[in-house]
$ cat run.pdb   # PDB, C-alpha atoms
ATOM      1  CA  MET A   1      58.091 -84.698  67.180  1.00  0.00           C
ATOM      2  CA  THR A   2      55.710 -81.747  67.263  1.00  0.00           C
ATOM      3  CA  LYS A   3      58.424 -79.396  66.003  1.00  0.00           C
ATOM      4  CA  LEU A   4      59.197 -81.777  63.163  1.00  0.00           C
ATOM      5  CA  LEU A   5      55.532 -81.889  62.125  1.00  0.00           C
ATOM      6  CA  LYS A   6      55.352 -78.087  62.188  1.00  0.00           C
ATOM      7  CA  ILE A   7      58.466 -77.821  60.033  1.00  0.00           C
ATOM      8  CA  ILE A   8      57.092 -80.359  57.546  1.00  0.00           C
ATOM      9  CA  PHE A   9      53.773 -78.481  57.426  1.00  0.00           C
ATOM     10  CA  ILE A  10      55.473 -75.123  56.793  1.00  0.00           C
ATOM     11  CA  LEU A  11      57.762 -76.609  54.142  1.00  0.00           C
ATOM     12  CA  THR A  12      54.826 -78.258  52.392  1.00  0.00           C
ATOM     13  CA  ILE A  13      52.908 -74.972  52.249  1.00  0.00           C
ATOM     14  CA  SER A  14      56.001 -73.062  51.099  1.00  0.00           C
ATOM     15  CA  ILE A  15      56.711 -75.530  48.289  1.00  0.00           C
ATOM     16  CA  ASN A  16      53.042 -75.451  47.258  1.00  0.00           C
ATOM     17  CA  ASN A  17      53.137 -71.620  47.112  1.00  0.00           C
ATOM     18  CA  LEU A  18      56.284 -71.654  44.998  1.00  0.00           C
ATOM     19  CA  LEU A  19      54.880 -74.190  42.563  1.00  0.00           C
ATOM     20  CA  PHE A  20      51.311 -72.968  42.256  1.00  0.00           C
ATOM     21  CA  GLY A  21      51.314 -69.398  43.587  1.00  0.00           C
ATOM     22  CA  LEU A  22      48.808 -67.997  46.008  1.00  0.00           C
ATOM     23  CA  GLU A  23      45.131 -68.897  45.751  1.00  0.00           C
ATOM     24  CA  LYS A  24      43.140 -65.702  45.173  1.00  0.00           C
ATOM     25  CA  VAL A  25      40.227 -65.431  47.579  1.00  0.00           C
ATOM     26  CA  SER A  26      37.823 -62.546  48.211  1.00  0.00           C
ATOM     27  CA  LEU A  27      35.883 -61.594  51.315  1.00  0.00           C
ATOM     28  CA  GLN A  28      32.795 -59.399  50.895  1.00  0.00           C
ATOM     29  CA  LEU A  29      32.239 -57.284  53.989  1.00  0.00           C
ATOM     30  CA  GLU A  30      28.768 -56.456  55.229  1.00  0.00           C
ATOM     31  CA  TRP A  31      29.686 -52.820  55.744  1.00  0.00           C
ATOM     32  CA  LYS A  32      32.372 -50.194  55.086  1.00  0.00           C
ATOM     33  CA  HIS A  33      36.052 -50.694  55.973  1.00  0.00           C
ATOM     34  CA  GLN A  34      36.190 -50.146  59.745  1.00  0.00           C
ATOM     35  CA  PHE A  35      37.503 -51.484  63.045  1.00  0.00           C
ATOM     36  CA  GLU A  36      34.820 -54.180  63.194  1.00  0.00           C
ATOM     37  CA  PHE A  37      36.861 -56.108  60.621  1.00  0.00           C
ATOM     38  CA  ALA A  38      40.281 -55.361  62.150  1.00  0.00           C
ATOM     39  CA  GLY A  39      41.100 -59.042  62.592  1.00  0.00           C
ATOM     40  CA  PHE A  40      40.960 -59.636  58.853  1.00  0.00           C
ATOM     41  CA  TYR A  41      43.132 -56.587  58.092  1.00  0.00           C
ATOM     42  CA  ALA A  42      45.666 -57.509  60.783  1.00  0.00           C
ATOM     43  CA  ALA A  43      45.939 -61.055  59.412  1.00  0.00           C
ATOM     44  CA  VAL A  44      46.606 -59.664  55.926  1.00  0.00           C
ATOM     45  CA  GLU A  45      49.244 -57.233  57.221  1.00  0.00           C
ATOM     46  CA  LYS A  46      50.991 -59.917  59.278  1.00  0.00           C
ATOM     47  CA  GLY A  47      51.031 -62.275  56.292  1.00  0.00           C
ATOM     48  CA  TYR A  48      48.957 -65.018  57.933  1.00  0.00           C
ATOM     49  CA  TYR A  49      46.916 -65.666  54.798  1.00  0.00           C
ATOM     50  CA  GLU A  50      50.005 -65.769  52.582  1.00  0.00           C
ATOM     51  CA  ASP A  51      51.586 -68.223  55.017  1.00  0.00           C
ATOM     52  CA  ILE A  52      48.842 -70.698  54.133  1.00  0.00           C
ATOM     53  CA  GLY A  53      48.810 -69.934  50.415  1.00  0.00           C
ATOM     54  CA  ILE A  54      46.000 -67.378  50.217  1.00  0.00           C
ATOM     55  CA  GLU A  55      45.951 -63.924  48.644  1.00  0.00           C
ATOM     56  CA  LEU A  56      42.951 -62.254  50.285  1.00  0.00           C
ATOM     57  CA  GLU A  57      41.050 -59.351  48.732  1.00  0.00           C
ATOM     58  CA  ILE A  58      38.809 -57.594  51.246  1.00  0.00           C
ATOM     59  CA  LYS A  59      35.852 -55.983  49.490  1.00  0.00           C
ATOM     60  CA  GLU A  60      33.983 -53.042  51.010  1.00  0.00           C
ATOM     61  CA  PHE A  61      30.176 -53.101  51.004  1.00  0.00           C
ATOM     62  CA  HIS A  62      28.336 -50.862  48.541  1.00  0.00           C
ATOM     63  CA  ASP A  63      24.601 -50.213  48.252  1.00  0.00           C
ATOM     64  CA  GLY A  64      22.773 -52.808  46.218  1.00  0.00           C
ATOM     65  CA  ILE A  65      25.097 -55.714  47.009  1.00  0.00           C
ATOM     66  CA  ASN A  66      23.396 -58.948  47.998  1.00  0.00           C
ATOM     67  CA  ILE A  67      26.236 -60.692  49.821  1.00  0.00           C
ATOM     68  CA  SER A  68      24.737 -64.186  49.712  1.00  0.00           C
ATOM     69  CA  GLN A  69      23.990 -63.872  46.015  1.00  0.00           C
ATOM     70  CA  ASP A  70      27.490 -62.569  45.275  1.00  0.00           C
ATOM     71  CA  VAL A  71      28.991 -65.633  46.956  1.00  0.00           C
ATOM     72  CA  LEU A  72      26.571 -68.018  45.239  1.00  0.00           C
ATOM     73  CA  ASN A  73      27.341 -66.387  41.851  1.00  0.00           C
ATOM     74  CA  GLY A  74      31.102 -66.534  42.431  1.00  0.00           C
ATOM     75  CA  LYS A  75      31.632 -62.760  42.586  1.00  0.00           C
ATOM     76  CA  SER A  76      33.062 -63.263  46.086  1.00  0.00           C
ATOM     77  CA  THR A  77      34.549 -66.372  47.647  1.00  0.00           C
ATOM     78  CA  PHE A  78      33.265 -65.639  51.154  1.00  0.00           C
ATOM     79  CA  GLY A  79      30.930 -63.088  52.669  1.00  0.00           C
ATOM     80  CA  ILE A  80      30.136 -61.701  56.064  1.00  0.00           C
ATOM     81  CA  SER A  81      26.418 -61.607  56.577  1.00  0.00           C
ATOM     82  CA  SER A  82      23.811 -61.075  59.248  1.00  0.00           C
ATOM     83  CA  SER A  83      21.144 -63.373  60.576  1.00  0.00           C
ATOM     84  CA  ALA A  84      19.488 -62.973  57.141  1.00  0.00           C
ATOM     85  CA  LEU A  85      21.684 -65.917  56.171  1.00  0.00           C
ATOM     86  CA  ILE A  86      19.297 -68.137  58.142  1.00  0.00           C
ATOM     87  CA  LEU A  87      16.426 -67.018  55.907  1.00  0.00           C
ATOM     88  CA  GLU A  88      18.534 -67.765  52.830  1.00  0.00           C
ATOM     89  CA  ARG A  89      19.101 -71.303  54.119  1.00  0.00           C
ATOM     90  CA  LEU A  90      15.384 -71.725  54.902  1.00  0.00           C
ATOM     91  CA  ASN A  91      14.692 -70.710  51.282  1.00  0.00           C
ATOM     92  CA  ASN A  92      16.860 -73.654  50.158  1.00  0.00           C
ATOM     93  CA  LYS A  93      19.841 -71.532  49.111  1.00  0.00           C
ATOM     94  CA  PRO A  94      23.080 -73.548  49.405  1.00  0.00           C
ATOM     95  CA  VAL A  95      24.702 -71.243  51.963  1.00  0.00           C
ATOM     96  CA  VAL A  96      26.821 -72.350  54.899  1.00  0.00           C
ATOM     97  CA  LEU A  97      27.728 -70.466  58.051  1.00  0.00           C
ATOM     98  CA  ILE A  98      31.423 -71.069  58.652  1.00  0.00           C
ATOM     99  CA  ALA A  99      31.898 -69.068  61.826  1.00  0.00           C
ATOM    100  CA  SER A 100      30.346 -66.500  64.033  1.00  0.00           C
ATOM    101  CA  TYR A 101      32.698 -63.913  65.500  1.00  0.00           C
ATOM    102  CA  PHE A 102      32.377 -61.019  67.892  1.00  0.00           C
TER     103      PHE A 102
END
$ encode --input "run.pdb" --output "C-alpha coordinates"
Amino acid sequence: MTKLLKIIFILTISINNLLFGLEKVSLQLEWKHQFEFAGFYAAVEKGYYEDIGIELEIKEFHDGINISQDVLNGKSTFGISSSALILERLNNKPVVLIASYF
(Lines of atoms letter the chains of each structure in order from A and count residues from 1; the text may use other names and numbers.)
(Lines give C-alpha, C1' and ligand atoms only; values in the text may rest on other atoms or scores of the structure.)
Protein backbone atom coordinates (compact mmCIF):
# COMPACT_ATOMS: atom_id res chain seq x y z
CA MET A 1 0.00 0.00 0.00
CA THR A 2 2.82 2.38 0.86
CA LYS A 3 4.51 1.75 -2.49
CA LEU A 4 1.25 2.45 -4.28
CA LEU A 5 0.83 5.77 -2.46
CA LYS A 6 4.40 6.75 -3.34
CA ILE A 7 3.82 5.91 -7.00
CA ILE A 8 0.58 7.91 -7.05
CA PHE A 9 2.34 10.86 -5.39
CA ILE A 10 5.21 10.81 -7.90
CA LEU A 11 2.83 10.48 -10.85
CA THR A 12 0.71 13.36 -9.58
CA ILE A 13 3.75 15.63 -9.27
CA SER A 14 5.06 14.55 -12.69
CA ILE A 15 1.73 15.25 -14.40
CA ASN A 16 1.50 18.61 -12.62
CA ASN A 17 5.02 19.54 -13.84
CA LEU A 18 4.16 18.58 -17.41
CA LEU A 19 0.94 20.57 -17.40
CA PHE A 20 2.03 23.66 -15.51
CA GLY A 21 5.84 23.65 -15.60
CA LEU A 22 8.07 24.26 -12.64
CA GLU A 23 7.20 26.90 -10.06
CA LYS A 24 10.01 29.48 -9.97
CA VAL A 25 11.18 30.13 -6.43
CA SER A 26 14.14 32.17 -5.16
CA LEU A 27 16.19 31.82 -2.00
CA GLN A 28 18.13 34.87 -0.79
CA LEU A 29 21.24 33.79 1.11
CA GLU A 30 22.52 35.73 4.08
CA TRP A 31 26.08 35.58 2.80
CA LYS A 32 28.24 34.65 -0.20
CA HIS A 33 28.03 31.28 -1.97
CA GLN A 34 29.90 28.89 0.34
CA PHE A 35 29.83 25.50 2.06
CA GLU A 36 27.41 26.74 4.73
CA PHE A 37 24.65 26.44 2.13
CA ALA A 38 25.84 23.13 0.63
CA GLY A 39 22.55 21.39 1.38
CA PHE A 40 20.65 23.74 -0.89
CA TYR A 41 23.18 23.36 -3.73
CA ALA A 42 23.25 19.56 -3.38
CA ALA A 43 19.44 19.41 -3.51
CA VAL A 44 19.46 21.48 -6.71
CA GLU A 45 22.15 19.29 -8.30
CA LYS A 46 20.36 16.07 -7.36
CA GLY A 47 17.08 17.39 -8.76
CA TYR A 48 15.16 17.22 -5.48
CA TYR A 49 13.46 20.57 -6.03
CA GLU A 50 12.50 19.70 -9.61
CA ASP A 51 11.07 16.41 -8.36
CA ILE A 52 8.49 18.40 -6.41
CA GLY A 53 7.86 20.98 -9.12
CA ILE A 54 10.22 23.77 -8.04
CA GLU A 55 12.87 25.62 -10.03
CA LEU A 56 15.07 27.16 -7.33
CA GLU A 57 17.25 30.22 -7.89
CA ILE A 58 19.84 30.66 -5.15
CA LYS A 59 20.76 34.33 -4.77
CA GLU A 60 24.08 35.41 -3.27
CA PHE A 61 24.09 38.19 -0.67
CA HIS A 62 25.32 41.64 -1.70
CA ASP A 63 25.89 44.71 0.47
CA GLY A 64 22.76 46.74 1.05
CA ILE A 65 20.30 43.85 0.81
CA ASN A 66 17.67 43.70 3.53
CA ILE A 67 16.66 40.05 3.31
CA SER A 68 13.39 40.40 5.22
CA GLN A 69 12.36 43.38 3.14
CA ASP A 70 13.24 41.60 -0.11
CA VAL A 71 10.97 38.71 0.86
CA LEU A 72 8.16 41.02 2.00
CA ASN A 73 8.44 43.01 -1.27
CA GLY A 74 8.45 39.85 -3.40
CA LYS A 75 12.02 40.25 -4.70
CA SER A 76 12.79 36.84 -3.16
CA THR A 77 10.43 34.03 -2.26
CA PHE A 78 12.40 32.89 0.79
CA GLY A 79 15.37 34.23 2.70
CA ILE A 80 17.91 32.96 5.16
CA SER A 81 18.25 35.38 8.02
CA SER A 82 19.75 35.70 11.46
CA SER A 83 18.14 36.26 14.81
CA ALA A 84 17.30 39.77 13.50
CA LEU A 85 14.16 38.09 12.16
CA ILE A 86 12.85 38.06 15.73
CA LEU A 87 13.14 41.85 15.87
CA GLU A 88 11.29 42.10 12.55
CA ARG A 89 8.45 40.03 14.01
CA LEU A 90 8.40 42.15 17.19
CA ASN A 91 8.05 45.21 14.93
CA ASN A 92 4.86 43.65 13.51
CA LYS A 93 6.41 42.64 10.18
CA PRO A 94 4.58 39.61 8.73
CA VAL A 95 7.62 37.33 8.72
CA VAL A 96 7.62 33.64 9.57
CA LEU A 97 10.50 31.40 10.57
CA ILE A 98 10.09 28.17 8.63
CA ALA A 99 13.09 26.26 9.90
CA SER A 100 16.31 26.58 11.75
CA TYR A 101 19.21 24.53 10.43
CA PHE A 102 22.78 23.92 11.47
$ closest_residue --input "run.pdb" --among "A:Leu87, A:Val44, A:Val96, A:Leu29" --to "A:Phe61" --atoms "only C-alpha atoms"
A:Leu29
$ axis_aligned_box --input "run.pdb" --around "stretch 83-98 of chain A" --padding-each-side "6 Å" --output "JSON"
{"center_x": 23.1, "center_y": -68.3, "center_z": 54.8, "size_x": 28.7, "size_y": 22.7, "size_z": 23.5}
$ closest_residue --input "run.pdb" --among "A:His33, A:Lys46, A:Lys3, A:Lys93" --to "A:Leu72" --atoms "all atoms listed in the file"
A:Lys93
$ residues_around --input "run.pdb" --residues "A:Lys59" --least-positions-apart "6" --cutoff "10 Å" --atoms "all atoms listed in the file" --output "list in words"
Ser26, Leu27, Gln28, Leu29, Glu30, Trp31, Lys32, His33, Ser76 and Gly79 of chain A
$ resolve_selection --input "run.pdb" --expression "the PyMOL selection byres ((chain A and resi 22) around 6)" --output "list of chain:residue names"
A:Asn17, A:Gly21, A:Glu23, A:Gly53, A:Ile54, A:Glu55
$ atom_distance --input "run.pdb" --atom1 "atom CA of A:Val95" --atom2 "atom CA of A:Ser81"
10.8 Å
$ atom_distance --input "run.pdb" --atom1 "atom CA of A:Ile52" --atom2 "atom CA of A:Phe40"
14.4 Å
$ closest_residue --input "run.pdb" --among "A:Glu60, A:Glu50, A:Asp70, A:Glu88" --to "A:Lys24" --atoms "all atoms listed in the file"
A:Glu50
$ atom_distance --input "run.pdb" --atom1 "atom CA of A:Phe35" --atom2 "atom CA of A:Gln69"
25.0 Å
$ closest_residue --input "run.pdb" --among "A:Ala99, A:Val25, A:Ala38, A:Leu90" --to "A:Gly74" --atoms "only C-alpha atoms"
A:Val25
$ decode --input "run.pdb" --residues "stretch 68-100 of chain A" --atoms "N, CA, C and O atoms" --output "short mmCIF file (atom, residue, chain, number, x, y, z; two decimals), in the first residue's frame"
data_model
loop_
_atom_site.label_atom_id
_atom_site.label_comp_id
_atom_site.auth_asym_id
_atom_site.auth_seq_id
_atom_site.Cartn_x
_atom_site.Cartn_y
_atom_site.Cartn_z
N SER A 68 14.80 40.41 4.84
CA SER A 68 13.39 40.40 5.22
C SER A 68 12.56 41.28 4.30
O SER A 68 11.49 40.90 3.85
N GLN A 69 13.09 42.46 4.00
CA GLN A 69 12.36 43.38 3.14
C GLN A 69 12.24 42.84 1.71
O GLN A 69 11.20 43.01 1.07
N ASP A 70 13.30 42.20 1.23
CA ASP A 70 13.24 41.60 -0.11
C ASP A 70 12.15 40.54 -0.20
O ASP A 70 11.44 40.45 -1.20
N VAL A 71 12.01 39.74 0.85
CA VAL A 71 10.97 38.71 0.86
C VAL A 71 9.59 39.36 0.96
O VAL A 71 8.67 39.01 0.23
N LEU A 72 9.45 40.34 1.84
CA LEU A 72 8.16 41.02 2.00
C LEU A 72 7.75 41.76 0.72
O LEU A 72 6.57 41.83 0.40
N ASN A 73 8.74 42.29 -0.03
CA ASN A 73 8.44 43.01 -1.27
C ASN A 73 8.32 42.09 -2.48
O ASN A 73 8.06 42.54 -3.59
N GLY A 74 8.57 40.80 -2.30
CA GLY A 74 8.45 39.85 -3.40
C GLY A 74 9.68 39.74 -4.29
O GLY A 74 9.63 39.08 -5.33
N LYS A 75 10.79 40.38 -3.91
CA LYS A 75 12.02 40.25 -4.70
C LYS A 75 12.61 38.85 -4.56
O LYS A 75 13.30 38.38 -5.46
N SER A 76 12.37 38.21 -3.42
CA SER A 76 12.79 36.84 -3.16
C SER A 76 11.61 36.11 -2.55
O SER A 76 10.80 36.72 -1.83
N THR A 77 11.53 34.81 -2.81
CA THR A 77 10.43 34.03 -2.26
C THR A 77 10.72 33.67 -0.81
O THR A 77 9.84 33.74 0.05
N PHE A 78 11.97 33.27 -0.55
CA PHE A 78 12.40 32.89 0.79
C PHE A 78 13.74 33.56 1.07
O PHE A 78 14.45 33.94 0.15
N GLY A 79 14.08 33.67 2.34
CA GLY A 79 15.37 34.23 2.70
C GLY A 79 15.93 33.52 3.91
O GLY A 79 15.18 33.00 4.74
N ILE A 80 17.23 33.49 3.98
CA ILE A 80 17.91 32.96 5.16
C ILE A 80 18.35 34.17 5.96
O ILE A 80 19.02 35.06 5.44
N SER A 81 17.96 34.21 7.21
CA SER A 81 18.25 35.38 8.02
C SER A 81 18.80 34.96 9.37
O SER A 81 18.83 33.78 9.72
N SER A 82 19.20 35.93 10.13
CA SER A 82 19.75 35.70 11.46
C SER A 82 18.66 35.91 12.50
O SER A 82 17.48 36.03 12.18
N SER A 83 19.09 36.02 13.73
CA SER A 83 18.14 36.26 14.81
C SER A 83 17.47 37.63 14.68
O SER A 83 16.50 37.92 15.39
N ALA A 84 17.93 38.47 13.76
CA ALA A 84 17.30 39.77 13.50
C ALA A 84 15.85 39.59 13.06
O ALA A 84 15.03 40.49 13.19
N LEU A 85 15.53 38.39 12.57
CA LEU A 85 14.16 38.09 12.16
C LEU A 85 13.20 38.22 13.34
O LEU A 85 12.06 38.63 13.18
N ILE A 86 13.68 37.93 14.53
CA ILE A 86 12.85 38.06 15.73
C ILE A 86 12.47 39.52 15.94
O ILE A 86 11.32 39.83 16.25
N LEU A 87 13.42 40.42 15.73
CA LEU A 87 13.14 41.85 15.87
C LEU A 87 12.13 42.31 14.82
O LEU A 87 11.27 43.14 15.11
N GLU A 88 12.25 41.76 13.61
CA GLU A 88 11.29 42.10 12.55
C GLU A 88 9.88 41.70 12.99
O GLU A 88 8.93 42.45 12.81
N ARG A 89 9.75 40.53 13.56
CA ARG A 89 8.45 40.03 14.01
C ARG A 89 7.93 40.90 15.17
O ARG A 89 6.74 41.22 15.22
N LEU A 90 8.80 41.29 16.08
CA LEU A 90 8.40 42.15 17.19
C LEU A 90 7.96 43.53 16.71
O LEU A 90 7.19 44.21 17.38
N ASN A 91 8.46 43.94 15.54
CA ASN A 91 8.05 45.21 14.93
C ASN A 91 6.85 45.04 14.01
O ASN A 91 6.62 45.85 13.11
N ASN A 92 6.11 43.95 14.23
CA ASN A 92 4.86 43.65 13.51
C ASN A 92 5.03 43.43 12.01
O ASN A 92 4.09 43.64 11.24
N LYS A 93 6.22 43.02 11.57
CA LYS A 93 6.41 42.64 10.18
C LYS A 93 5.86 41.22 10.02
O LYS A 93 6.04 40.37 10.89
N PRO A 94 5.19 40.94 8.91
CA PRO A 94 4.58 39.61 8.73
C PRO A 94 5.59 38.56 8.25
O PRO A 94 5.47 37.99 7.17
N VAL A 95 6.61 38.32 9.06
CA VAL A 95 7.62 37.33 8.72
C VAL A 95 7.38 36.05 9.51
O VAL A 95 6.82 36.08 10.61
N VAL A 96 7.81 34.94 8.93
CA VAL A 96 7.62 33.64 9.57
C VAL A 96 8.91 32.86 9.47
O VAL A 96 9.52 32.79 8.40
N LEU A 97 9.34 32.26 10.57
CA LEU A 97 10.50 31.40 10.57
C LEU A 97 10.02 30.01 10.20
O LEU A 97 9.20 29.42 10.89
N ILE A 98 10.50 29.49 9.08
CA ILE A 98 10.09 28.17 8.63
C ILE A 98 10.93 27.08 9.29
O ILE A 98 10.41 26.09 9.75
N ALA A 99 12.21 27.29 9.34
CA ALA A 99 13.09 26.26 9.90
C ALA A 99 14.40 26.87 10.38
O ALA A 99 14.82 27.90 9.88
N SER A 100 14.99 26.21 11.30
CA SER A 100 16.31 26.58 11.75
C SER A 100 17.22 25.40 11.44
O SER A 100 16.86 24.27 11.72
#
